[in-house]
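Novice: Just protein_15.tsv, nothing more (TSV, C-alpha atoms):
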chain	number	residue	atom	x	y	z
A	64	LEU	CA	0.00	0.00	0.00
A	65	ASP	CA	2.86	2.37	0.88
A	66	SER	CA	4.44	2.00	-2.55
A	67	TYR	CA	1.05	2.28	-4.32
A	68	LEU	CA	0.09	5.50	-2.56
A	69	SER	CA	3.57	6.90	-3.07
A	70	ALA	CA	3.49	6.23	-6.80
A	71	THR	CA	-0.11	7.31	-7.30
A	72	TYR	CA	-0.43	10.30	-5.01
A	73	GLY	CA	3.15	11.33	-4.30
A	74	LEU	CA	3.02	10.40	-0.59
A	75	GLU	CA	6.49	9.36	0.49
A	76	ASN	CA	7.93	8.09	3.78
A	77	THR	CA	4.48	7.51	5.21
A	78	SER	CA	3.69	4.62	7.51
A	79	PHE	CA	0.17	3.33	8.07
A	80	ARG	CA	-1.41	1.48	10.96
A	81	GLU	CA	-4.61	-0.52	10.96
A	82	ASP	CA	-7.71	1.53	11.91
A	83	GLU	CA	-5.85	4.71	10.94
A	84	GLU	CA	-7.37	7.34	8.63
A	85	ILE	CA	-4.96	8.22	5.85
A	86	GLY	CA	-5.03	11.61	4.16
A	87	ILE	CA	-4.28	11.37	0.43
A	88	LEU	CA	-5.13	14.62	-1.33
A	89	GLU	CA	-5.28	18.22	-0.18
A	90	PRO	CA	-7.27	20.19	-2.79
A	91	GLU	CA	-6.54	23.87	-3.26
A	92	THR	CA	-9.01	26.33	-1.78
A	93	HIS	CA	-10.16	29.71	-3.08
A	94	SER	CA	-11.19	32.62	-0.86
A	95	ASP	CA	-13.70	35.35	-1.77
A	96	LYS	CA	-12.01	37.72	0.65
A	97	ASP	CA	-8.73	38.00	-1.22
A	98	ASN	CA	-8.61	39.78	-4.58
A	99	GLY	CA	-5.00	38.82	-5.13
A	100	ASN	CA	-5.94	35.91	-7.40
A	101	GLY	CA	-7.76	38.00	-10.00
A	102	LEU	CA	-11.22	37.92	-8.45
A	103	VAL	CA	-13.64	40.24	-10.23
A	104	PRO	CA	-15.35	42.89	-8.07
A	105	VAL	CA	-19.16	43.03	-8.11
A	106	GLY	CA	-18.81	46.73	-8.94
A	107	LYS	CA	-18.13	45.79	-12.57
A	108	ILE	CA	-21.77	45.01	-13.24
A	109	ASP	CA	-24.63	47.46	-13.86
A	110	ALA	CA	-25.11	49.42	-10.61
A	111	ARG	CA	-28.88	48.91	-10.82
A	112	TYR	CA	-28.36	45.23	-10.02
A	113	ALA	CA	-25.56	45.46	-7.45
A	114	SER	CA	-27.96	44.46	-4.66
A	115	VAL	CA	-28.42	41.05	-6.29
A	116	PHE	CA	-25.04	39.97	-4.93
A	117	PRO	CA	-24.47	40.15	-1.14
A	118	PHE	CA	-20.67	40.09	-1.47
A	119	GLN	CA	-17.87	42.28	-2.83
A	120	PHE	CA	-16.06	39.87	-5.15
A	121	PHE	CA	-17.13	37.00	-7.35
A	122	ASN	CA	-15.39	33.77	-6.42
A	123	ALA	CA	-12.68	32.11	-8.51
A	124	LEU	CA	-15.07	30.13	-10.71
A	125	GLN	CA	-17.36	33.10	-11.34
A	126	SER	CA	-14.40	35.38	-12.03
A	127	LYS	CA	-12.99	33.01	-14.66
A	128	CYS	CA	-16.37	32.96	-16.45
A	129	PHE	CA	-17.24	36.63	-15.88
A	130	GLU	CA	-15.96	38.06	-19.17
A	131	HIS	CA	-17.82	35.49	-21.27
A	132	MET	CA	-20.98	35.84	-19.19
A	133	TYR	CA	-21.14	39.62	-18.97
A	134	GLU	CA	-19.18	41.07	-21.88
A	135	PHE	CA	-20.46	38.82	-24.66
A	136	ASP	CA	-23.68	37.10	-25.77
A	137	GLU	CA	-22.14	33.77	-26.69
A	138	ASN	CA	-23.60	30.47	-25.50
A	139	VAL	CA	-21.84	29.02	-22.46
A	140	ILE	CA	-21.80	25.59	-20.81
A	141	VAL	CA	-20.25	25.07	-17.36
A	142	SER	CA	-19.45	21.90	-15.45
A	143	ALA	CA	-18.57	22.56	-11.80
A	144	PRO	CA	-19.03	20.90	-8.39
A	145	THR	CA	-22.21	21.36	-6.40
A	146	GLY	CA	-22.10	24.55	-4.35
A	147	ALA	CA	-19.36	26.15	-6.46
A	148	GLY	CA	-21.53	29.15	-7.42
A	149	LYS	CA	-23.13	28.22	-10.75
A	150	THR	CA	-26.40	30.03	-9.96
A	151	VAL	CA	-24.51	33.33	-9.86
A	152	LEU	CA	-23.50	32.70	-13.47
A	153	PHE	CA	-27.18	32.64	-14.40
A	154	GLU	CA	-27.67	35.92	-12.54
A	155	ILE	CA	-24.74	37.57	-14.34
A	156	ALA	CA	-26.16	36.45	-17.70
A	157	MET	CA	-29.59	37.87	-16.79
A	158	ILE	CA	-28.08	41.21	-15.83
A	159	ARG	CA	-26.23	41.23	-19.16
A	160	LEU	CA	-29.56	40.63	-20.93
A	161	PHE	CA	-31.50	43.31	-19.04
A	162	SER	CA	-28.71	45.89	-19.26
A	163	SER	CA	-28.06	45.51	-23.00
A	164	ASP	CA	-31.61	44.93	-24.28
A	165	SER	CA	-32.80	47.65	-26.63
A	166	GLY	CA	-35.65	45.88	-28.42
A	167	SER	CA	-39.18	47.17	-28.66
A	168	ILE	CA	-40.32	44.17	-26.59
A	169	SER	CA	-38.42	43.63	-23.34
A	170	ALA	CA	-36.31	40.52	-23.48
A	171	LYS	CA	-37.18	37.73	-21.05
A	172	ALA	CA	-34.98	35.17	-19.34
A	173	VAL	CA	-36.30	31.65	-18.83
A	174	TYR	CA	-34.86	29.23	-16.28
A	175	VAL	CA	-35.43	25.51	-16.90
A	176	ALA	CA	-34.87	22.87	-14.22
A	177	PRO	CA	-36.05	19.24	-14.02
A	178	LEU	CA	-37.54	19.47	-10.51
A	179	LYS	CA	-40.51	21.61	-9.51
A	180	SER	CA	-38.94	22.12	-6.08
A	181	LEU	CA	-35.85	23.60	-7.72
A	182	VAL	CA	-37.98	25.82	-9.95
A	183	HIS	CA	-39.92	27.07	-6.91
A	184	GLU	CA	-36.68	27.72	-5.02
A	185	LYS	CA	-35.33	29.92	-7.82
A	186	TYR	CA	-38.68	31.68	-8.16
A	187	LEU	CA	-38.58	32.72	-4.50
A	188	GLU	CA	-34.89	33.61	-4.58
A	189	TRP	CA	-35.05	35.74	-7.72
A	190	THR	CA	-38.31	37.40	-6.75
A	191	GLU	CA	-36.50	38.78	-3.72
A	192	LYS	CA	-33.27	39.65	-5.56
A	193	PHE	CA	-34.54	41.04	-8.86
A	194	GLY	CA	-37.78	42.44	-7.50
A	195	LYS	CA	-35.72	45.23	-5.94
A	196	ALA	CA	-34.63	46.19	-9.46
A	197	GLY	CA	-38.20	46.24	-10.75
A	198	LYS	CA	-38.10	42.84	-12.47
A	199	LYS	CA	-41.06	40.49	-12.32
A	200	VAL	CA	-40.55	36.76	-11.81
A	201	VAL	CA	-43.19	34.09	-12.49
A	202	GLU	CA	-43.30	30.37	-11.80
A	203	LEU	CA	-44.67	28.07	-14.49
A	204	THR	CA	-45.21	24.47	-13.37
A	205	SER	CA	-48.16	22.10	-13.04
A	206	ASP	CA	-48.55	23.33	-9.46
A	207	SER	CA	-48.52	27.06	-10.21
A	208	ARG	CA	-51.52	29.19	-11.14
A	209	SER	CA	-49.83	31.75	-13.35
A	210	LYS	CA	-52.02	33.19	-16.09
A	211	PHE	CA	-50.69	33.67	-19.61
A	212	SER	CA	-50.94	37.43	-19.11
A	213	ASP	CA	-48.72	37.12	-16.02
A	214	ILE	CA	-46.14	35.19	-18.03
A	215	THR	CA	-46.08	37.61	-20.97
A	216	SER	CA	-45.68	40.59	-18.63
A	217	SER	CA	-42.83	38.97	-16.69
A	218	ASP	CA	-39.07	39.42	-17.03
A	219	ILE	CA	-37.93	36.07	-15.62
A	220	ILE	CA	-39.75	32.75	-16.03
A	221	ALA	CA	-38.90	29.71	-13.89
A	222	THR	CA	-40.27	26.50	-15.38
A	223	THR	CA	-39.72	22.83	-16.23
A	224	PRO	CA	-38.65	21.40	-19.62
A	225	GLU	CA	-42.11	19.89	-20.20
A	226	LYS	CA	-43.94	23.18	-19.68
A	227	LEU	CA	-41.66	25.22	-21.95
A	228	ASP	CA	-41.61	22.43	-24.51
A	229	SER	CA	-45.41	22.56	-24.65
A	230	LEU	CA	-45.37	26.32	-25.28
A	231	SER	CA	-42.61	26.09	-27.88
A	232	ARG	CA	-44.51	23.47	-29.88
A	233	ARG	CA	-47.12	26.17	-30.49
A	234	TRP	CA	-44.53	28.85	-31.17
A	235	LYS	CA	-46.62	30.90	-33.59
A	236	SER	CA	-49.69	30.90	-31.31
A	237	ASN	CA	-47.49	31.88	-28.37
A	238	SER	CA	-45.21	34.18	-30.37
A	239	ILE	CA	-45.81	37.15	-28.06
A	240	LEU	CA	-43.98	35.09	-25.41
A	241	MET	CA	-41.61	32.86	-27.36
A	242	ASP	CA	-40.23	35.63	-29.60
A	243	SER	CA	-39.36	37.69	-26.53
A	244	LEU	CA	-37.12	35.05	-24.97
A	245	GLY	CA	-33.55	36.30	-25.01
A	246	LEU	CA	-31.89	33.92	-22.54
A	247	LEU	CA	-32.45	30.21	-21.96
A	248	MET	CA	-30.85	29.00	-18.71
A	249	ILE	CA	-30.66	25.22	-18.34
A	250	ASP	CA	-29.92	23.73	-14.93
A	251	GLU	CA	-28.82	20.09	-14.55
A	252	VAL	CA	-28.20	19.85	-18.29
A	253	HIS	CA	-26.66	16.38	-17.86
A	254	LEU	CA	-30.24	15.04	-17.63
A	255	ILE	CA	-30.40	15.39	-21.40
A	256	GLY	CA	-28.94	11.88	-21.52
A	257	GLU	CA	-31.62	10.38	-19.27
A	258	LYS	CA	-35.28	9.38	-19.70
A	259	ARG	CA	-36.65	12.94	-19.74
A	260	GLY	CA	-33.78	14.17	-21.89
A	261	ALA	CA	-35.65	13.86	-25.19
A	262	CYS	CA	-38.02	16.64	-24.12
A	263	LEU	CA	-35.14	18.98	-23.25
A	264	GLU	CA	-33.24	18.07	-26.42
A	265	GLY	CA	-36.29	18.83	-28.57
A	266	LEU	CA	-36.84	22.13	-26.76
A	267	VAL	CA	-33.27	23.33	-27.26
A	268	THR	CA	-33.24	22.23	-30.91
A	269	ARG	CA	-36.50	24.07	-31.55
A	270	CYS	CA	-35.21	27.25	-29.90
A	271	LYS	CA	-31.99	27.13	-31.90
A	272	MET	CA	-33.83	26.61	-35.17
A	273	LYS	CA	-36.51	29.26	-34.65
A	274	THR	CA	-34.09	32.01	-33.69
A	275	ALA	CA	-31.93	31.23	-36.71
A	276	PHE	CA	-34.68	32.26	-39.12
A	277	THR	CA	-36.94	35.27	-39.57
A	278	MET	CA	-40.48	35.51	-38.31
A	279	ASP	CA	-42.94	34.36	-40.97
A	280	ASP	CA	-45.34	37.29	-40.86
A	281	ASP	CA	-43.28	40.46	-40.67
A	282	LYS	CA	-39.94	39.13	-41.93
A	283	ILE	CA	-38.30	40.65	-38.85
A	284	PRO	CA	-35.13	38.89	-37.67
A	285	ALA	CA	-35.99	36.75	-34.66
A	286	ARG	CA	-34.43	37.70	-31.33
A	287	LYS	CA	-31.19	35.85	-30.73
A	288	MET	CA	-31.72	33.46	-27.86
A	289	ARG	CA	-28.62	32.92	-25.76
A	290	ILE	CA	-28.16	29.55	-24.04
A	291	VAL	CA	-26.37	29.11	-20.71
A	292	ALA	CA	-26.26	25.54	-19.38
A	293	VAL	CA	-24.74	24.24	-16.14
A	294	SER	CA	-24.40	20.99	-14.24
A	295	ALA	CA	-22.21	19.31	-11.65
A	296	THR	CA	-21.72	16.22	-13.81
A	297	ILE	CA	-21.50	16.36	-17.60
A	298	PRO	CA	-19.53	13.33	-18.87
A	299	ASN	CA	-19.78	14.42	-22.54
A	300	ILE	CA	-19.56	18.19	-22.08
A	301	ALA	CA	-17.57	18.62	-25.30
A	302	ASP	CA	-20.36	17.00	-27.33
A	303	ILE	CA	-23.05	19.22	-25.80
A	304	ALA	CA	-20.87	22.32	-26.20
A	305	GLU	CA	-20.45	21.55	-29.90
A	306	TRP	CA	-24.19	20.95	-30.29
A	307	ILE	CA	-25.29	24.25	-28.76
A	308	GLU	CA	-22.21	26.06	-30.13
A	309	ALA	CA	-21.07	27.12	-26.68
A	310	LYS	CA	-17.93	28.23	-24.89
A	311	MET	CA	-17.01	25.40	-22.52
A	312	PHE	CA	-15.77	25.66	-18.92
A	313	GLN	CA	-14.83	22.71	-16.71
A	314	PHE	CA	-13.95	23.05	-13.02
A	315	ASP	CA	-12.71	20.27	-10.76
A	316	ASP	CA	-13.01	19.64	-7.02
A	317	ARG	CA	-10.54	22.43	-6.22
A	318	TYR	CA	-13.43	24.83	-6.78
A	319	ARG	CA	-15.63	23.32	-4.09
A	320	PRO	CA	-16.47	25.78	-1.30
A	321	VAL	CA	-15.62	22.99	1.18
A	322	PRO	CA	-12.88	20.73	-0.25
A	323	LEU	CA	-13.43	16.98	-0.15
A	324	GLU	CA	-11.15	14.94	2.06
A	325	HIS	CA	-9.82	11.69	0.58
A	326	PHE	CA	-8.77	8.94	2.96
A	327	VAL	CA	-8.41	5.18	3.32
A	328	ILE	CA	-9.62	3.27	6.40
A	329	GLY	CA	-8.26	-0.18	7.30
A	330	ARG	CA	-10.43	-2.57	9.33
A	331	LYS	CA	-9.97	-6.02	10.86
A	332	PHE	CA	-11.61	-8.75	8.76
A	333	TYR	CA	-11.98	-12.12	10.48
A	334	GLY	CA	-8.91	-11.46	12.52
A	335	LYS	CA	-6.85	-10.27	9.56
A	336	MET	CA	-6.52	-7.07	7.60
A	337	ASN	CA	-8.95	-7.08	4.69
A	338	GLU	CA	-7.91	-7.88	1.15
A	339	PHE	CA	-7.38	-4.21	0.29
A	340	ILE	CA	-5.06	-3.23	3.16
As structure tokens, please, write out the structure in this file.
Specialist:
Amino acid sequence: LDSYLSATYGLENTSFREDEEIGILEPETHSDKDNGNGLVPVGKIDARYASVFPFQFFNALQSKCFEHMYEFDENVIVSAPTGAGKTVLFEIAMIRLFSSDSGSISAKAVYVAPLKSLVHEKYLEWTEKFGKAGKKVVELTSDSRSKFSDITSSDIIATTPEKLDSLSRRWKSNSILMDSLGLLMIDEVHLIGEKRGACLEGLVTRCKMKTAFTMDDDKIPARKMRIVAVSATIPNIADIAEWIEAKMFQFDDRYRPVPLEHFVIGRKFYGKMNEFI
């Protein structure tokens, strides 16, 4: 075991005893309090939305993505550990949309998540955060009672793939809503490879296709719909990035707010050490 751990993890001159916890890796940590590592200050965003963020600096992950989220309108896909701050990336993208929109119809942001509980959580969170800036948030699930007029007058829509897919299938009938969508935010995008993934895949394909052409009636160029997708686990992120034509970011466990501890525990097994130690 000593030689294996030394060769694999670079641990040398280490002795191990049975029933002893063995530390193997010490991931790097990143602090929001220190701007010495190139952390981006919140002051760089539109001052009207500064209250959305209750901190002074974006963390390391958010800072690395900031330029692509806030300075450009390109599609972005991000794979990062749970709790690393991916929701803030959605918020930066929304502020980019609201600050730069100059269309006759206000651009809307739509958040898509597979669980109604997650949709409801974001609805409550963003109602509090963006409500202070005069933005209206609506929840659209099978449990909500939002009217179509509430949805069309909103700025942020929190919904499930099935609900938005249903609306997008009748794009022309719902054009007052669908043509105003400027940002599609997909949470847990890795689910596209699971049972419910076909619905999400069809939705994204439809949105890409419709915004690539002009509207049938007035021959007005359709609003460009930006796509921002995130997940903690995307095994084929390169394939999805190519499909949605997105800038790709991958972050490992060093970007966890609380680093994982890796260790090996030896236990007695019928009077002997087990077959692994």
Novice: Quick one: distance from CA of Leu266 (chain A) to CA of Lys185 (chain A) in Å, one decimal?
Specialist: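 We find that CA of Leu266 (chain A) and CA of Lys185 (chain A) lie 20.5 Å from each other.
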Novice: Calculate how many Å separate CA of Ile307 (chain A) from CA of Ile290 (chain A), rounding to one decimal.
Specialist: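 So the two atoms, CA of Ile307 (chain A) and CA of Ile290 (chain A), lie 7.7 Å apart.
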Novice: Could you tell me how far CA of Asn138 (chain A) lies from CA of Ile249 (chain A), in Å and to one decimal?
Specialist: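 Computing it gives 11.3 Å between the two atoms.
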Novice: What lies within 10 Å of His183 (chain A) using all atoms listed in the file, ignoring chain neighbours under 2 positions off, as a PDB file with C-alpha atoms, keeping the file's coordinate frame?
Specialist:
ATOM      1  CA  ALA A 176     -34.870  22.870 -14.220  1.00  0.00           C
ATOM      2  CA  LEU A 178     -37.540  19.470 -10.510  1.00  0.00           C
ATOM      3  CA  LYS A 179     -40.510  21.610  -9.510  1.00  0.00           C
ATOM      4  CA  SER A 180     -38.940  22.120  -6.080  1.00  0.00           C
ATOM      5  CA  LEU A 181     -35.850  23.600  -7.720  1.00  0.00           C
ATOM      6  CA  LYS A 185     -35.330  29.920  -7.820  1.00  0.00           C
ATOM      7  CA  TYR A 186     -38.680  31.680  -8.160  1.00  0.00           C
ATOM      8  CA  LEU A 187     -38.580  32.720  -4.500  1.00  0.00           C
ATOM      9  CA  GLU A 188     -34.890  33.610  -4.580  1.00  0.00           C
ATOM     10  CA  TRP A 189     -35.050  35.740  -7.720  1.00  0.00           C
ATOM     11  CA  VAL A 201     -43.190  34.090 -12.490  1.00  0.00           C
ATOM     12  CA  GLU A 202     -43.300  30.370 -11.800  1.00  0.00           C
ATOM     13  CA  LEU A 203     -44.670  28.070 -14.490  1.00  0.00           C
ATOM     14  CA  THR A 204     -45.210  24.470 -13.370  1.00  0.00           C
ATOM     15  CA  ASP A 206     -48.550  23.330  -9.460  1.00  0.00           C
ATOM     16  CA  SER A 207     -48.520  27.060 -10.210  1.00  0.00           C
ATOM     17  CA  ALA A 221     -38.900  29.710 -13.890  1.00  0.00           C
ATOM     18  CA  THR A 222     -40.270  26.500 -15.380  1.00  0.00           C
TER      19      THR A 222
END
Novice: Rank nothing, just name the residue among A:Val151, A:Met157, A:Val293, A:Ile140 nearest to Trp306 (chain A), using all atoms listed in the file.
Specialist: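 Looking only at the distances to Trp306 (chain A), the closest residue turns out to be A:Ile140.
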Novice: Might you pull out every residue within 6 Å of region 242-245 of chain A, with only C-alpha atoms counted and same-chain residues fewer than 6 positions away left off, and present them as a ChimeraX atom specification?
Specialist: /A:170-172,288
Novice: Go ahead and write the residues just picked, C-alpha atoms, as a compact mmCIF listing (two decimals), in the frame of the given file.
Specialist:
# COMPACT_ATOMS: atom_id res chain seq x y z
CA ALA A 170 -36.31 40.52 -23.48
CA LYS A 171 -37.18 37.73 -21.05
CA ALA A 172 -34.98 35.17 -19.34
CA MET A 288 -31.72 33.46 -27.86
Novice: Taking all atoms listed in the file into account, name the residue in A:Val173, A:Ile303, A:Ser142, A:Ser236 that is nearest to Glu251 (chain A).
Specialist: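 Ranked by minimum distance to Glu251 (chain A), first place goes to A:Ser142.
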Novice: Taking all atoms listed in the file into account, name the residue in A:Arg159, A:Lys287, A:His253, A:Lys199 that is nearest to Met241 (chain A).
Specialist: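 Nearest candidate to Met241 (chain A) out of A:Arg159, A:Lys287, A:His253, A:Lys199: A:Lys287.
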Novice: Give me, as a ChimeraX atom specification, all polymer residues having an atom no more than 9 Å from Leu124 (chain A), counting all atoms listed in the file and skipping those fewer than 3 positions away in the same chain.
Specialist: /A:102,121,127-129,143,147-149,314,318
Novice: Go through A:His325, A:Val141, A:Pro104, A:Arg111 and flag the residue nearest Ala301 (chain A), using only C-alpha atoms for the distances.
Specialist: A:Val141
Novice: Quick one: everything within 12 Å of Asn237 (chain A), counting all atoms listed in the file, minus sequence neighbours fewer than 3 positions away in the same chain. Send it as number ranges by chain.
Specialist: A: 211-212, 214-215, 227-234, 240-244
Novice: Closest to Lys310 (chain A) among A:Val252, A:Ile219, A:Val139, A:Val115, using only C-alpha atoms?
Specialist: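 The shortest atom-to-atom distance to Lys310 (chain A) comes from A:Val139.
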Novice: Check the smallest atom-to-atom distance from each of A:Gly101, A:Gly106, A:Pro117, A:Pro144 to Asp316 (chain A) using all atoms listed in the file, then report the winner.
Specialist: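 Distance minimum relative to Asp316 (chain A) lands on A:Pro144.
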Novice: Can you take the partial region 178-201 of chain A, add N, CA, C and O atoms, and return it as a PDB file, keeping the file's coordinate frame?
Specialist:
ATOM      1  N   LEU A 178     -36.733  19.674 -11.705  1.00  0.00           N
ATOM      2  CA  LEU A 178     -37.540  19.470 -10.510  1.00  0.00           C
ATOM      3  C   LEU A 178     -38.369  20.702 -10.183  1.00  0.00           C
ATOM      4  O   LEU A 178     -37.859  21.827 -10.190  1.00  0.00           O
ATOM      5  N   LYS A 179     -39.643  20.484  -9.861  1.00  0.00           N
ATOM      6  CA  LYS A 179     -40.510  21.610  -9.510  1.00  0.00           C
ATOM      7  C   LYS A 179     -40.039  22.297  -8.243  1.00  0.00           C
ATOM      8  O   LYS A 179     -40.199  23.513  -8.092  1.00  0.00           O
ATOM      9  N   SER A 180     -39.454  21.525  -7.324  1.00  0.00           N
ATOM     10  CA  SER A 180     -38.940  22.120  -6.080  1.00  0.00           C
ATOM     11  C   SER A 180     -37.803  23.078  -6.370  1.00  0.00           C
ATOM     12  O   SER A 180     -37.685  24.135  -5.733  1.00  0.00           O
ATOM     13  N   LEU A 181     -36.961  22.727  -7.338  1.00  0.00           N
ATOM     14  CA  LEU A 181     -35.850  23.600  -7.720  1.00  0.00           C
ATOM     15  C   LEU A 181     -36.359  24.850  -8.424  1.00  0.00           C
ATOM     16  O   LEU A 181     -35.849  25.954  -8.200  1.00  0.00           O
ATOM     17  N   VAL A 182     -37.362  24.682  -9.260  1.00  0.00           N
ATOM     18  CA  VAL A 182     -37.980  25.820  -9.950  1.00  0.00           C
ATOM     19  C   VAL A 182     -38.578  26.780  -8.918  1.00  0.00           C
ATOM     20  O   VAL A 182     -38.397  28.002  -9.004  1.00  0.00           O
ATOM     21  N   HIS A 183     -39.285  26.238  -7.938  1.00  0.00           N
ATOM     22  CA  HIS A 183     -39.920  27.070  -6.910  1.00  0.00           C
ATOM     23  C   HIS A 183     -38.860  27.796  -6.077  1.00  0.00           C
ATOM     24  O   HIS A 183     -39.034  28.965  -5.716  1.00  0.00           O
ATOM     25  N   GLU A 184     -37.775  27.111  -5.792  1.00  0.00           N
ATOM     26  CA  GLU A 184     -36.680  27.720  -5.020  1.00  0.00           C
ATOM     27  C   GLU A 184     -36.112  28.936  -5.746  1.00  0.00           C
ATOM     28  O   GLU A 184     -35.898  29.994  -5.142  1.00  0.00           O
ATOM     29  N   LYS A 185     -35.874  28.801  -7.048  1.00  0.00           N
ATOM     30  CA  LYS A 185     -35.330  29.920  -7.820  1.00  0.00           C
ATOM     31  C   LYS A 185     -36.355  31.034  -7.979  1.00  0.00           C
ATOM     32  O   LYS A 185     -36.003  32.214  -7.991  1.00  0.00           O
ATOM     33  N   TYR A 186     -37.613  30.678  -8.074  1.00  0.00           N
ATOM     34  CA  TYR A 186     -38.680  31.680  -8.160  1.00  0.00           C
ATOM     35  C   TYR A 186     -38.663  32.568  -6.910  1.00  0.00           C
ATOM     36  O   TYR A 186     -38.704  33.803  -7.006  1.00  0.00           O
ATOM     37  N   LEU A 187     -38.596  31.956  -5.749  1.00  0.00           N
ATOM     38  CA  LEU A 187     -38.580  32.720  -4.500  1.00  0.00           C
ATOM     39  C   LEU A 187     -37.304  33.545  -4.371  1.00  0.00           C
ATOM     40  O   LEU A 187     -37.338  34.725  -3.988  1.00  0.00           O
ATOM     41  N   GLU A 188     -36.184  32.933  -4.701  1.00  0.00           N
ATOM     42  CA  GLU A 188     -34.890  33.610  -4.580  1.00  0.00           C
ATOM     43  C   GLU A 188     -34.793  34.815  -5.505  1.00  0.00           C
ATOM     44  O   GLU A 188     -34.389  35.912  -5.092  1.00  0.00           O
ATOM     45  N   TRP A 189     -35.194  34.648  -6.747  1.00  0.00           N
ATOM     46  CA  TRP A 189     -35.050  35.740  -7.720  1.00  0.00           C
ATOM     47  C   TRP A 189     -36.149  36.791  -7.582  1.00  0.00           C
ATOM     48  O   TRP A 189     -35.957  37.940  -7.975  1.00  0.00           O
ATOM     49  N   THR A 190     -37.283  36.404  -7.033  1.00  0.00           N
ATOM     50  CA  THR A 190     -38.310  37.400  -6.750  1.00  0.00           C
ATOM     51  C   THR A 190     -37.788  38.408  -5.736  1.00  0.00           C
ATOM     52  O   THR A 190     -38.002  39.623  -5.865  1.00  0.00           O
ATOM     53  N   GLU A 191     -37.073  37.895  -4.742  1.00  0.00           N
ATOM     54  CA  GLU A 191     -36.500  38.780  -3.720  1.00  0.00           C
ATOM     55  C   GLU A 191     -35.350  39.602  -4.292  1.00  0.00           C
ATOM     56  O   GLU A 191     -35.267  40.814  -4.064  1.00  0.00           O
ATOM     57  N   LYS A 192     -34.471  38.969  -5.050  1.00  0.00           N
ATOM     58  CA  LYS A 192     -33.270  39.650  -5.560  1.00  0.00           C
ATOM     59  C   LYS A 192     -33.591  40.649  -6.670  1.00  0.00           C
ATOM     60  O   LYS A 192     -33.181  41.814  -6.619  1.00  0.00           O
ATOM     61  N   PHE A 193     -34.298  40.196  -7.697  1.00  0.00           N
ATOM     62  CA  PHE A 193     -34.540  41.040  -8.860  1.00  0.00           C
ATOM     63  C   PHE A 193     -35.771  41.929  -8.708  1.00  0.00           C
ATOM     64  O   PHE A 193     -35.945  42.885  -9.466  1.00  0.00           O
ATOM     65  N   GLY A 194     -36.612  41.596  -7.748  1.00  0.00           N
ATOM     66  CA  GLY A 194     -37.780  42.440  -7.500  1.00  0.00           C
ATOM     67  C   GLY A 194     -37.369  43.834  -7.074  1.00  0.00           C
ATOM     68  O   GLY A 194     -38.041  44.824  -7.387  1.00  0.00           O
ATOM     69  N   LYS A 195     -36.231  43.931  -6.374  1.00  0.00           N
ATOM     70  CA  LYS A 195     -35.720  45.230  -5.940  1.00  0.00           C
ATOM     71  C   LYS A 195     -35.324  46.100  -7.133  1.00  0.00           C
ATOM     72  O   LYS A 195     -35.281  47.318  -7.025  1.00  0.00           O
ATOM     73  N   ALA A 196     -35.020  45.459  -8.249  1.00  0.00           N
ATOM     74  CA  ALA A 196     -34.630  46.190  -9.460  1.00  0.00           C
ATOM     75  C   ALA A 196     -35.809  46.357 -10.414  1.00  0.00           C
ATOM     76  O   ALA A 196     -35.624  46.757 -11.566  1.00  0.00           O
ATOM     77  N   GLY A 197     -36.999  46.042  -9.934  1.00  0.00           N
ATOM     78  CA  GLY A 197     -38.200  46.240 -10.750  1.00  0.00           C
ATOM     79  C   GLY A 197     -38.485  45.123 -11.734  1.00  0.00           C
ATOM     80  O   GLY A 197     -39.294  45.299 -12.656  1.00  0.00           O
ATOM     81  N   LYS A 198     -37.869  43.955 -11.557  1.00  0.00           N
ATOM     82  CA  LYS A 198     -38.100  42.840 -12.470  1.00  0.00           C
ATOM     83  C   LYS A 198     -39.115  41.869 -11.883  1.00  0.00           C
ATOM     84  O   LYS A 198     -39.093  41.555 -10.697  1.00  0.00           O
ATOM     85  N   LYS A 199     -40.012  41.400 -12.743  1.00  0.00           N
ATOM     86  CA  LYS A 199     -41.060  40.490 -12.320  1.00  0.00           C
ATOM     87  C   LYS A 199     -40.689  39.048 -12.638  1.00  0.00           C
ATOM     88  O   LYS A 199     -40.258  38.740 -13.743  1.00  0.00           O
ATOM     89  N   VAL A 200     -40.866  38.174 -11.649  1.00  0.00           N
ATOM     90  CA  VAL A 200     -40.550  36.760 -11.810  1.00  0.00           C
ATOM     91  C   VAL A 200     -41.830  35.946 -11.680  1.00  0.00           C
ATOM     92  O   VAL A 200     -42.654  36.203 -10.796  1.00  0.00           O
ATOM     93  N   VAL A 201     -42.026  34.973 -12.580  1.00  0.00           N
ATOM     94  CA  VAL A 201     -43.190  34.090 -12.490  1.00  0.00           C
ATOM     95  C   VAL A 201     -42.741  32.642 -12.476  1.00  0.00           C
ATOM     96  O   VAL A 201     -41.693  32.299 -13.030  1.00  0.00           O
TER      97      VAL A 201
END
